[in-house]
Amino acid sequence: MNNLLIVESPAKAKTIGKFLGKNYTVKASVGHVRDLPKSKLGIDVENNFEPNYITIRGKGDVIKELKKEAKKADNVFLATDPDREGEAISWHLAKILNLDESKEIRIEFNEITKDAIKKASKNPRKINLDLVDAQQARRVLDRLVGYNISPLLWKKIEKGLSAGRVQSVALKLVIDREREIMDFVPEEYWTLELEVKKSKKKFSAKYVGTLIEDKVSKVKIKNEEEVNSILSVLDKSKIAVYKTEKTKSYSKPSAPFTTSTLQQEANRRLNFPAKKTMMIAQQLYEGINIKGEGSVGLVTYIRTDSFRLSDEAVNSAKEYILSNYGEKYYMSRVFTKSKKNENKVQDAHEAIRPTYVTKNPDHIKDSLTSDQYKLYSLIWKRFVACQMADAEFDVTKALLNGNGNIFESSGKSLVFDGYKTVYKYSDESESKLLPELEKDELLDITKIDPEQHFTQPPARYTEASLIKDLEERGIGRPSTYAPTITTITSREYVVKDKGYLFPTDMGFLVTEMMEKYFSKIMNEKFTADMENNLDEIASGKVEWHDVIKEFYKDFKTELDVAEKEMEEIEIKDEVSDVKCENCGEFMVVKKGRYGKFLACPNYPECKNTKPLGGKDAAEETDEVCELCGSKMLKRKGRYGEFLACSNYPSCKNTKPIIKTIDVDCPKCGGKIAVKYSKAGRRFYGCTNYPQCNFISWLEPSGQKCPKCGEIMVVKDNKIVCTNKNCKNEG
């Protein structure tokens, strides 16, 4: 029996391929194969909002190969990701390959391990059309919003702007926070702290209030007059112990990661942007080449809203903890979803966890990149810690009485580390325990420190806090957080400075226009309710066309009003302090294909341009443009540095900067250059091309294999032979 199994990515195909026998051929669709056209709306509004799907450009060869393999196979199984988008990809593949959708052709698994793949291959199911419809509804909704509002913003404000159902609401949250900060009025308050001493041990005590009938009434000190009033009755040299208390406190481990909590923690602890976190997590899920084992999927599926853990995972954690830390460190825990929106499709999955708890990050560190190691460590430690005992602290607390004014001091000491022996990222702080104190004992006051403060405005969003807020408000889904933040930063609606998100003037302008003309889309509750509607579609409770129809009725009304009433806004160019040497006008800042540059405002009469200084500066070179004679500038692009004419945009001449490595070409003896394919993938080629056609995806080492004489290359920080039959590692 010849079976064809189709997944999305080649990396996933490679990992799965080794688990299935000779009866299986595993191929990759390389993501989506069909989608809405980019050049037009692609939705028939007059025909019940039916989408017009087309084959994605560039996928012809992939589809041709899949059709060829499908013809040879007795059975075709679709093993795309276990979420709505994955279900939709399977559905599109079934359409293109003419598969019978009534048959059980869908395979689903949450981790790429031998047991999971074997079990899933024995239990295929039908494609879940409810999940497909939920994904179609999301795609159609986002297309209707984006492809109708974005051109309007181009026309009325500036080209290149965009709006979206989730992105615009996320931007509004950042704008609203900035408005809060701008409107914030600071209020004065004071603190009063004493440094006291018993024998040689010093500790601090903070003013908390006054003693009224043996009860402490908390008081906030508002101004200097109130501080002086307290100081006027306070003995400056001695203070009495009013009450002491000794207690225990316990710190519990956090739940294992969901998509949003992983993005938040990676941002806080590792300073990873959400996009980077998801990219590395995808690599860990699809498979990493582990020395001696081949490709191994290290974590479970990475898009999930669930804290749930399988029985097998819990048992494996128990065994690991008992054997490595001892019985007192183990504590069985069950984590349940505590949010309002519990019934999501992603909640059917497990939390993000390691597939093999025995693969300690430090044991496989040599097989991981630095970033992969950091993220895998975070996931592994969080999972192990969640099944460990609480950390235990001794806490001492003392109230000191200075003529009816009460000061509080406390100390905290770790007595049992529990889960903290593994997960040391916790912000839980500890301080030294207080000395033994007796009621009415007099202590020496060694320092009195009154200090003025002012209340602070709410903090600006970081990526982590914005993701947390989006999730708590029910806006978007795990798969949307990273691309949403990427969009609002790439459009320059917000900029990042020291980790904080600052809205730009353009961000304010677009938000104000959206609030004025598209109030429903900008309403957080509406956006959250729409996500719930999509969940209802996924559960089979609502028909997707009805949801779109209901949405479009009000949206079309708002769109028509906006097209008639939205005023055109002239965005004036930023004027620099640089004078045009040709006509004397102050030059203005323009945006071009390669970033910002200076241009004369008298264009087209005066076509003078020059590079912009500062962040967008380009470095002058001695090379001259062969087209117009101007100097060439060194600029940074997507795939590294390149040369561009300083007379841009009048002259658009560019050329690559060829970087070579200190290795001779094994074919002709020329130099090896670092190059990039059209898709942006780095490769190594001879500088004598096209006379010499040497090419390698891996960096040549300059060595030849002592066993077989073939070229040796650098792979995973090791020098290996390119001959597949020779497994020599230098």
# chains A, B, ... in the order shown; residues from 1 in each chain; ligands from 1
>>> select_by_dssp(residues="range 6-243 of chain A", states="alpha helix (DSSP H)", output="count of residues only")
97
>>> residues_around(residues="range 565-569 of chain A", least_positions_apart="4", cutoff="9 Å", atoms="only C-alpha atoms", output="list in words")
Leu152, Lys155, Lys156, Ile157, Glu158, Met513, Tyr517, Asp560 and Val561 of chain A
>>> write_last_selection(atoms="N, CA, C and O atoms", output="JSON list (two decimals), in the first residue's frame")
[["chain", "number", "residue", "atom", "x", "y", "z"],
["A", 152, "LEU", "N", -8.83, 53.80, 0.66],
["A", 152, "LEU", "CA", -9.42, 55.07, 1.08],
["A", 152, "LEU", "C", -8.39, 55.92, 1.82],
["A", 152, "LEU", "O", -8.28, 57.13, 1.61],
["A", 155, "LYS", "N", -5.91, 57.34, -0.62],
["A", 155, "LYS", "CA", -6.50, 58.45, -1.39],
["A", 155, "LYS", "C", -6.60, 59.72, -0.56],
["A", 155, "LYS", "O", -6.31, 60.82, -1.04],
["A", 156, "LYS", "N", -7.00, 59.57, 0.70],
["A", 156, "LYS", "CA", -7.28, 60.74, 1.52],
["A", 156, "LYS", "C", -6.08, 61.22, 2.34],
["A", 156, "LYS", "O", -6.01, 62.39, 2.71],
["A", 157, "ILE", "N", -5.14, 60.30, 2.65],
["A", 157, "ILE", "CA", -4.02, 60.70, 3.51],
["A", 157, "ILE", "C", -2.68, 60.49, 2.81],
["A", 157, "ILE", "O", -2.01, 61.44, 2.43],
["A", 158, "GLU", "N", -2.28, 59.22, 2.63],
["A", 158, "GLU", "CA", -0.97, 58.95, 2.06],
["A", 158, "GLU", "C", -0.90, 57.51, 1.57],
["A", 158, "GLU", "O", -1.48, 56.62, 2.18],
["A", 513, "MET", "N", -8.95, 59.17, 12.19],
["A", 513, "MET", "CA", -9.83, 59.00, 11.02],
["A", 513, "MET", "C", -10.68, 57.74, 11.16],
["A", 513, "MET", "O", -11.88, 57.74, 10.84],
["A", 517, "TYR", "N", -14.85, 57.65, 11.33],
["A", 517, "TYR", "CA", -15.67, 57.10, 10.24],
["A", 517, "TYR", "C", -15.96, 55.60, 10.35],
["A", 517, "TYR", "O", -16.87, 55.11, 9.70],
["A", 560, "ASP", "N", -19.48, 54.04, 2.78],
["A", 560, "ASP", "CA", -20.07, 55.02, 1.86],
["A", 560, "ASP", "C", -19.96, 56.43, 2.42],
["A", 560, "ASP", "O", -19.65, 57.38, 1.70],
["A", 561, "VAL", "N", -20.22, 56.57, 3.72],
["A", 561, "VAL", "CA", -20.13, 57.89, 4.36],
["A", 561, "VAL", "C", -18.69, 58.38, 4.33],
["A", 561, "VAL", "O", -18.43, 59.56, 4.03]]
>>> atom_distance(atom1="CA of Thr25 in chain A", atom2="CA of Asn3 in chain A")
6.2 Å
>>> closest_residue(among="A:Val227, A:Gly146, A:Tyr376, A:Leu309", to="Ser168 in chain A", atoms="only C-alpha atoms")
A:Gly146
>>> closest_residue(among="A:Tyr419, A:Phe407, A:Tyr552, A:Trp697", to="Tyr684 in chain A", atoms="only C-alpha atoms")
A:Trp697
>>> residues_around(residues="range 404-406 of chain A", least_positions_apart="3", cutoff="10 Å", atoms="only C-alpha atoms", output="PyMOL selection string")
chain A and resi 205-212+214+216-219+230-231+233-234+239-242+399-401
>>> write_last_selection(atoms="N, CA and C atoms", output="mmCIF file, in the first residue's frame")
data_model
loop_
_atom_site.group_PDB
_atom_site.id
_atom_site.type_symbol
_atom_site.label_atom_id
_atom_site.label_comp_id
_atom_site.auth_asym_id
_atom_site.auth_seq_id
_atom_site.Cartn_x
_atom_site.Cartn_y
_atom_site.Cartn_z
ATOM 1 N N ALA A 205 12.237 50.776 58.219
ATOM 2 C CA ALA A 205 10.800 50.705 58.534
ATOM 3 C C ALA A 205 10.110 51.892 57.874
ATOM 4 N N LYS A 206 8.984 51.628 57.207
ATOM 5 C CA LYS A 206 8.261 52.678 56.483
ATOM 6 C C LYS A 206 7.006 53.096 57.241
ATOM 7 N N TYR A 207 6.713 54.381 57.197
ATOM 8 C CA TYR A 207 5.503 54.914 57.830
ATOM 9 C C TYR A 207 4.269 54.374 57.105
ATOM 10 N N VAL A 208 3.290 53.844 57.878
ATOM 11 C CA VAL A 208 2.073 53.300 57.272
ATOM 12 C C VAL A 208 0.792 53.973 57.778
ATOM 13 N N GLY A 209 0.851 54.613 58.961
ATOM 14 C CA GLY A 209 -0.369 55.258 59.459
ATOM 15 C C GLY A 209 -0.292 55.556 60.947
ATOM 16 N N THR A 210 -1.463 55.692 61.558
ATOM 17 C CA THR A 210 -1.538 56.040 62.977
ATOM 18 C C THR A 210 -2.278 54.963 63.751
ATOM 19 N N LEU A 211 -2.026 54.945 65.069
ATOM 20 C CA LEU A 211 -2.657 53.965 65.950
ATOM 21 C C LEU A 211 -3.886 54.596 66.600
ATOM 22 N N ILE A 212 -5.056 54.018 66.328
ATOM 23 C CA ILE A 212 -6.309 54.505 66.906
ATOM 24 C C ILE A 212 -7.014 53.330 67.563
ATOM 25 N N ASP A 214 -5.912 50.807 69.372
ATOM 26 C CA ASP A 214 -5.220 49.544 69.102
ATOM 27 C C ASP A 214 -5.398 49.021 67.674
ATOM 28 N N VAL A 216 -4.456 49.933 63.515
ATOM 29 C CA VAL A 216 -3.643 50.782 62.640
ATOM 30 C C VAL A 216 -4.522 51.335 61.532
ATOM 31 N N SER A 217 -4.621 52.653 61.496
ATOM 32 C CA SER A 217 -5.374 53.325 60.428
ATOM 33 C C SER A 217 -4.373 53.812 59.384
ATOM 34 N N LYS A 218 -4.455 53.265 58.167
ATOM 35 C CA LYS A 218 -3.475 53.609 57.135
ATOM 36 C C LYS A 218 -3.644 55.056 56.672
ATOM 37 N N VAL A 219 -2.512 55.727 56.491
ATOM 38 C CA VAL A 219 -2.510 57.147 56.107
ATOM 39 C C VAL A 219 -1.525 57.358 54.972
ATOM 40 N N ILE A 230 4.131 64.851 61.459
ATOM 41 C CA ILE A 230 4.516 63.546 62.021
ATOM 42 C C ILE A 230 5.868 63.652 62.725
ATOM 43 N N LEU A 231 6.819 64.327 62.068
ATOM 44 C CA LEU A 231 8.158 64.456 62.637
ATOM 45 C C LEU A 231 8.160 65.253 63.939
ATOM 46 N N VAL A 233 6.184 65.126 66.423
ATOM 47 C CA VAL A 233 5.833 64.339 67.615
ATOM 48 C C VAL A 233 6.664 63.064 67.727
ATOM 49 N N LEU A 234 7.553 62.844 66.761
ATOM 50 C CA LEU A 234 8.340 61.614 66.729
ATOM 51 C C LEU A 234 9.628 61.783 67.520
ATOM 52 N N ILE A 239 12.496 54.267 69.219
ATOM 53 C CA ILE A 239 11.139 53.880 68.810
ATOM 54 C C ILE A 239 10.861 52.491 69.389
ATOM 55 N N ALA A 240 9.590 52.273 69.785
ATOM 56 C CA ALA A 240 9.225 51.037 70.480
ATOM 57 C C ALA A 240 8.621 50.021 69.520
ATOM 58 N N VAL A 241 8.878 48.724 69.817
ATOM 59 C CA VAL A 241 8.258 47.640 69.065
ATOM 60 C C VAL A 241 6.811 47.495 69.534
ATOM 61 N N TYR A 242 5.861 47.625 68.599
ATOM 62 C CA TYR A 242 4.443 47.516 68.963
ATOM 63 C C TYR A 242 3.934 46.081 68.811
ATOM 64 N N LEU A 399 5.717 45.912 63.623
ATOM 65 C CA LEU A 399 5.153 47.265 63.648
ATOM 66 C C LEU A 399 5.834 48.033 64.770
ATOM 67 N N LEU A 400 6.338 49.203 64.448
ATOM 68 C CA LEU A 400 7.030 50.052 65.423
ATOM 69 C C LEU A 400 6.176 51.271 65.711
ATOM 70 N N ASN A 401 6.110 51.683 66.991
ATOM 71 C CA ASN A 401 5.221 52.775 67.420
ATOM 72 C C ASN A 401 6.044 53.962 67.905
#
>>> residues_around(residues="Thr336 in chain A", least_positions_apart="3", cutoff="8 Å", atoms="only C-alpha atoms", output="compact mmCIF listing (two decimals) with all heavy atoms, in the first residue's frame")
# COMPACT_ATOMS: atom_id res chain seq x y z
N SER A 306 -4.52 26.82 25.48
CA SER A 306 -4.80 25.88 26.57
C SER A 306 -3.63 25.71 27.53
O SER A 306 -2.47 25.72 27.13
CB SER A 306 -5.16 24.51 25.96
OG SER A 306 -5.43 23.59 26.98
N PHE A 307 -3.98 25.53 28.83
CA PHE A 307 -2.99 25.17 29.84
C PHE A 307 -2.95 23.65 30.05
O PHE A 307 -2.18 23.15 30.86
CB PHE A 307 -3.35 25.80 31.19
CG PHE A 307 -3.28 27.30 31.21
CD1 PHE A 307 -4.29 28.05 31.80
CD2 PHE A 307 -2.20 27.97 30.66
CE1 PHE A 307 -4.22 29.43 31.83
CE2 PHE A 307 -2.11 29.35 30.69
CZ PHE A 307 -3.14 30.09 31.29
N ARG A 308 -3.80 22.92 29.35
CA ARG A 308 -3.98 21.49 29.60
C ARG A 308 -2.71 20.71 29.26
O ARG A 308 -1.98 21.04 28.33
CB ARG A 308 -5.14 20.97 28.73
CG ARG A 308 -5.58 19.55 29.04
CD ARG A 308 -6.76 19.16 28.15
NE ARG A 308 -6.38 19.12 26.74
CZ ARG A 308 -5.74 18.11 26.18
NH1 ARG A 308 -5.39 17.05 26.91
NH2 ARG A 308 -5.45 18.12 24.89
>>> closest_residue(among="A:Ala137, A:Leu627, A:Gly164, A:Leu78", to="Arg125 in chain A", atoms="only C-alpha atoms")
A:Leu78
>>> residues_around(residues="Asp183 in chain A", least_positions_apart="3", cutoff="12 Å", atoms="only C-alpha atoms", output="PDB file with N, CA and C atoms, in the first residue's frame")
ATOM      1  N   ASP A 176      -4.647  55.144  22.843  1.00  0.00           N
ATOM      2  CA  ASP A 176      -5.404  55.472  24.064  1.00  0.00           C
ATOM      3  C   ASP A 176      -4.485  55.563  25.274  1.00  0.00           C
ATOM      4  N   ARG A 177      -3.505  54.671  25.348  1.00  0.00           N
ATOM      5  CA  ARG A 177      -2.551  54.729  26.458  1.00  0.00           C
ATOM      6  C   ARG A 177      -1.740  56.025  26.405  1.00  0.00           C
ATOM      7  N   GLU A 178      -1.352  56.424  25.180  1.00  0.00           N
ATOM      8  CA  GLU A 178      -0.594  57.670  25.030  1.00  0.00           C
ATOM      9  C   GLU A 178      -1.451  58.875  25.420  1.00  0.00           C
ATOM     10  N   ARG A 179      -2.735  58.815  25.092  1.00  0.00           N
ATOM     11  CA  ARG A 179      -3.644  59.896  25.490  1.00  0.00           C
ATOM     12  C   ARG A 179      -3.756  59.984  27.009  1.00  0.00           C
ATOM     13  N   GLU A 180      -3.812  58.810  27.656  1.00  0.00           N
ATOM     14  CA  GLU A 180      -3.845  58.786  29.131  1.00  0.00           C
ATOM     15  C   GLU A 180      -2.604  59.459  29.706  1.00  0.00           C
ATOM     16  N   PRO A 186       0.122  64.748  37.525  1.00  0.00           N
ATOM     17  CA  PRO A 186       0.797  64.131  38.671  1.00  0.00           C
ATOM     18  C   PRO A 186       0.346  64.735  40.001  1.00  0.00           C
ATOM     19  N   GLN A 456       3.003  58.636  38.983  1.00  0.00           N
ATOM     20  CA  GLN A 456       3.466  58.462  37.605  1.00  0.00           C
ATOM     21  C   GLN A 456       2.310  58.050  36.694  1.00  0.00           C
ATOM     22  N   PRO A 457       2.354  58.463  35.431  1.00  0.00           N
ATOM     23  CA  PRO A 457       1.307  58.038  34.488  1.00  0.00           C
ATOM     24  C   PRO A 457       1.425  56.546  34.215  1.00  0.00           C
ATOM     25  N   PRO A 458       0.403  55.924  33.632  1.00  0.00           N
ATOM     26  CA  PRO A 458       0.509  54.497  33.292  1.00  0.00           C
ATOM     27  C   PRO A 458       1.661  54.280  32.316  1.00  0.00           C
TER      28      PRO A 458
END
>>> closest_residue(among="A:Thr247, A:Ile149, A:Ala255, A:Glu620", to="Lys634 in chain A", atoms="only C-alpha atoms")
A:Glu620
